[in-house]
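A quick write-up on the structure given underneath.
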Amino acid sequence: MQVTSSVRKPLITGGKTVHDVTEDICRQVEGKPSKLWLMAFGISVVTLLIGFVAVAATLWEGIGMWGLNKTVGWAWDITNFVWWVGIGHAGTLISAILLLFRQKWRMSINRAAEAMTIFAVICAAQFPILHMGRPWLGAYWALPLPNTFGSLWVNFNSPLLWDVFAISTYFSVSLVFWYIGLVPDFATIRDRATGIRRKIYGALSLGWDGAAKTWGRFESVSLILAGLATPLVLSVHTIVSFDFATSVIPGWHTTIFPPYFVAGAIFSGFAMVLTLMIVTRAVFKLQDYITIEHIEMMNIVIIVTGSIVGIAYITEFFIAWYSGVPAEQYAFYNRMQGPYWWAYWSMMTCNVISPQLFWFKKIRTSIAATFILSIIVNIGMWFERFVIIVTSLHRDYLPSSWAMFYPTMYDVGVYVFTFGLFFSAFFLFAKFFPVINMAEVKSIIKSSSEKTAS
Amino acid sequence: MSDTKKFVLGVFDDEDVLLKAVGKVRGAGVKIDEVYSPFPVHGLDEELGYKRSRLPIAAFMFGALGTTLALVMQIWMLGVDWPMIIGGKDYVSLPDFVPVTFELTVLLAAFGMVGTFLVSSDLKPWKDPKMLDLRITDDKHVMAIDLGRNSAMEAKSINSLLQESGAVEVNDKDVDE
C-alpha cells in the first residue's frame, strides 16, 4: 500500500477511472485530426520549409553566408545550439530525477517532456553539423574513425569532442528511455485497434502482454535508466559549458560555468515544457491530467532554478572585479555598458526579475501569466547565451581586432528552420503517440479517486 | 498438431484485491501461470514468488565493459598509435579522458541493459502476444491459471476460489500453442 500525505491534493482530478484514462488519451490517437491540429501542423511545416532555404544556402555556399567574422567566429549558431540543448534538459529532469525522488506529479507530463527533449536535441545538433561547412565529411572530424592520414585520431583532450560524445549519448539514452516507456501504451492502442493501425501499433508495442514478470523487469529497467540518465543530464550541460570554460577568453574561463549552465538549462527547459503543456492541455482537453497543481509545481522549479541563475550572474560579476584582471573586468563592464547593453539588460530582466513574480500564488497558478512568463524566460535564456558568446568574443585582448556581429537572414533562417523542425515533430508526436503516460497515470488513479470521494 | 491449453482466467479490477487474491490462490495450492496487468502493481512479483530481476547486474557488466573500451581506445589512440603533445600535457592525460569514458560507460550500460531486457522478456516487433483478454491493456488485471498444471484441483473449485477472492469475472479460455 502506498501512503500519501493527506495534505496533498489529488494529482488527477475529475474522478477518473482507469478506463477513462485509456479513453481520454487514446481518443486523440484514434480520432481524425482536428482542424486546429491541421492548422498548427501546417504552419510548422511551412516554417520548416522557409527555414530550409537558409539551410540549403548554407550547405551550398558555405558558412560565409552567416554574419560571422574573424573576431566573432561563434555567434548565433552556438547560441542556438546551447539554447536547444538546455531546453532538452527539463525532459530528463522530469522523467529521471523526479522518478528517483518519487515525485508522482511527473507522471502526467513526463511523456511529452521527454519527447520535447528528443526533438530539442535534434534541433541543437543542426548547428554544429551545419557549422562544419561540409557535414558529409564530419564523421571523420567528430568520431574516432580510421582514416587515410595515418590514422590521425580525434583529439580526446578537446571539450568540443567531449560534446560529441555527451550529446550523442544523451540523445540515444533519452530516446531509449522514452521508447521503453511508450511500449505498454502502444499495446493499449494496439488492443483497441483493427486493420493496418493494429499492425503498426502492434509492431511498435514489441508484443507487450502486460505479464507481471515483464512489468517487474520493466520497473527495474526504468529505475536504472533513471539512475543513469541523472548523472548523464548533469554531465551534458557541464560539458557544453566546458566548450567555453576551458578556453582563455575573458568572460568564459570561469569555474562557475558547469553548475550555472545546468541550472540555466533546467530553468529554460521547464519554461518550454510549460509553454507546450499549456497549449497541449487546452487543445487535447487534458485539464484533469495536467492540473493547475502541476503548473504550480513547475513554476516552483522555475523560481528555484531562476534564482540560482540570478546568483550565478552576480557571482560572476563579483569574481570578475575581485580577480583584479583588467581584461576580465572589462569583459563584464562591456557586457553591461558596451554596444550590446540591450542584450545584457534583456537577459537580466527576463531571467532574474521575471521568474521572481512566481512568488505570488496568484501568478503561479494563473495559466495566462504562466504562459507569457514561460516565453519570456526562454527569450531571456537565448539572450544569456548570446551575451556570454558574442559580447565576450567581440572585444577581447587586442583592441585593433574588435568588431561587431550582425546576423544575416541566413543566421535567422537556420534558427527558423529548427523551430519548424521542433514544432512539426512535436505536433506529429502529439497526434500519433499517447501524449500522457497511460500506464503510469493508471497506477495512481486509485489513490487519487479515493481522495476525491472522501 | 496443435496443443490446446485450457486456462481459467480470474478478472480483477482493483490492484489491492488482486494482491490479496494472489496470496489466497497460491495459499490454496493452485499454481498461477501468470498475472497480466495494465500497469505495474507494486508487490505483485513478491506475492507471485518471482525472484528479483538480475538486470541491474547486466547493466553493471555492460557499464564496466564501456569504461574499459573507452579507456583502452583513448590510451591506445593518443598514447600508442599516434602520440602527440596537446596543450603541453602528457600523451596519456587521464583527467582529459574522464568525460568520454563516462559517456561511453553510460551508453553501453543503458543499451546493454535494455537489449538484455528485450531479449529476456522476448519483446520484438514481429511478435503476436496472443492476449488472453483485450482488457488487460485497458483496465483489468487477469490471473491466468493453467488447468493442465493443476490437474489435482478440480476446475470447479478453482472457479469458486477465484470468485471468493474477489474476481469480478471468471472465464474459461482455450489457447492453441
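In the C-alpha cells, the first chain shown is A, the next is B, and so on; residue numbers restart at 1 for each chain, and ligands run from 1 in the order shown.
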(request) Might you pull out every residue within 12 Å of A:Met381, with only C-alpha atoms counted and same-chain residues fewer than 3 positions away left off, and present them as a ChimeraX atom specification? (result) /A:79-80,82-87,261,263-272,306,309-310,343-352,354-355,374-378,384-388
(message) I need the residues of stretch 42-177 of chain B that end up classed as strand (DSSP E) by DSSP on the backbone, written out as a ChimeraX atom specification.
(response) /B:141-146,169-176
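By only C-alpha atoms, and with residues fewer than 6 positions from B:Ser157 along its chain excluded, the set lying at most 12 Å from it is Val8, Val25, Ala28, Gly29, Val30, Leu147, Asn150, Ser151, Gln163, Glu164 and Val170 of chain B.
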Could you name the residues that touch B:Gly79 at 8 Å or less, counting only C-alpha atoms, but leaving out those on the same chain fewer than 5 positions away, as a PDB file with N, CA and C atoms, in the first residue's frame?
```
ATOM      1  N   GLN B  74      41.110   5.332 -25.938  1.00  0.00           N
ATOM      2  CA  GLN B  74      41.770   6.638 -25.844  1.00  0.00           C
ATOM      3  C   GLN B  74      43.268   6.491 -25.584  1.00  0.00           C
ATOM      4  N   MET B  84      50.948  12.514 -29.425  1.00  0.00           N
ATOM      5  CA  MET B  84      51.069  13.926 -29.791  1.00  0.00           C
ATOM      6  C   MET B  84      51.004  14.751 -28.524  1.00  0.00           C
ATOM      7  N   TYR B  91      51.118  12.501 -23.087  1.00  0.00           N
ATOM      8  CA  TYR B  91      50.400  11.790 -24.162  1.00  0.00           C
ATOM      9  C   TYR B  91      49.114  11.183 -23.617  1.00  0.00           C
ATOM     10  N   VAL B  92      49.266  10.473 -22.502  1.00  0.00           N
ATOM     11  CA  VAL B  92      48.088   9.897 -21.862  1.00  0.00           C
ATOM     12  C   VAL B  92      47.755  10.778 -20.660  1.00  0.00           C
TER      13      VAL B  92
END
```
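In this comparison, which uses only C-alpha atoms, the residue of B:Asp139, B:Glu103, B:Asp128, B:Asp13 approaching A:Ser235 most closely is B:Glu103.
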(message) Need to verify the contact set: A:Ala54, 10 Å, only C-alpha atoms, exclusion of same-chain residues closer than 3 positions in sequence. Can you return it as a list in words?
(response) Leu49, Ile50, Gly51, Ala57, Thr58, Leu59, Trp60, Met65, Trp66, Met409, Tyr410, Asp411, Val412, Gly413, Val414, Tyr415, Val416 and Phe417 of chain A
(request) Write out as a PyMOL selection string the residues lying within 9 Å of B:Phe97, counting only C-alpha atoms and excluding same-chain residues fewer than 2 positions away. (result) (chain A and resi 156-157+162) or (chain B and resi 70-71+74-75+92-95+99-102)
(message) Among stretch 8-118 of chain B, which ones does DSSP assign to alpha helix (DSSP H) (computed from the backbone)? Answer as a PyMOL selection string.
(response) chain B and resi 15-27+44-47+55-75+94-118
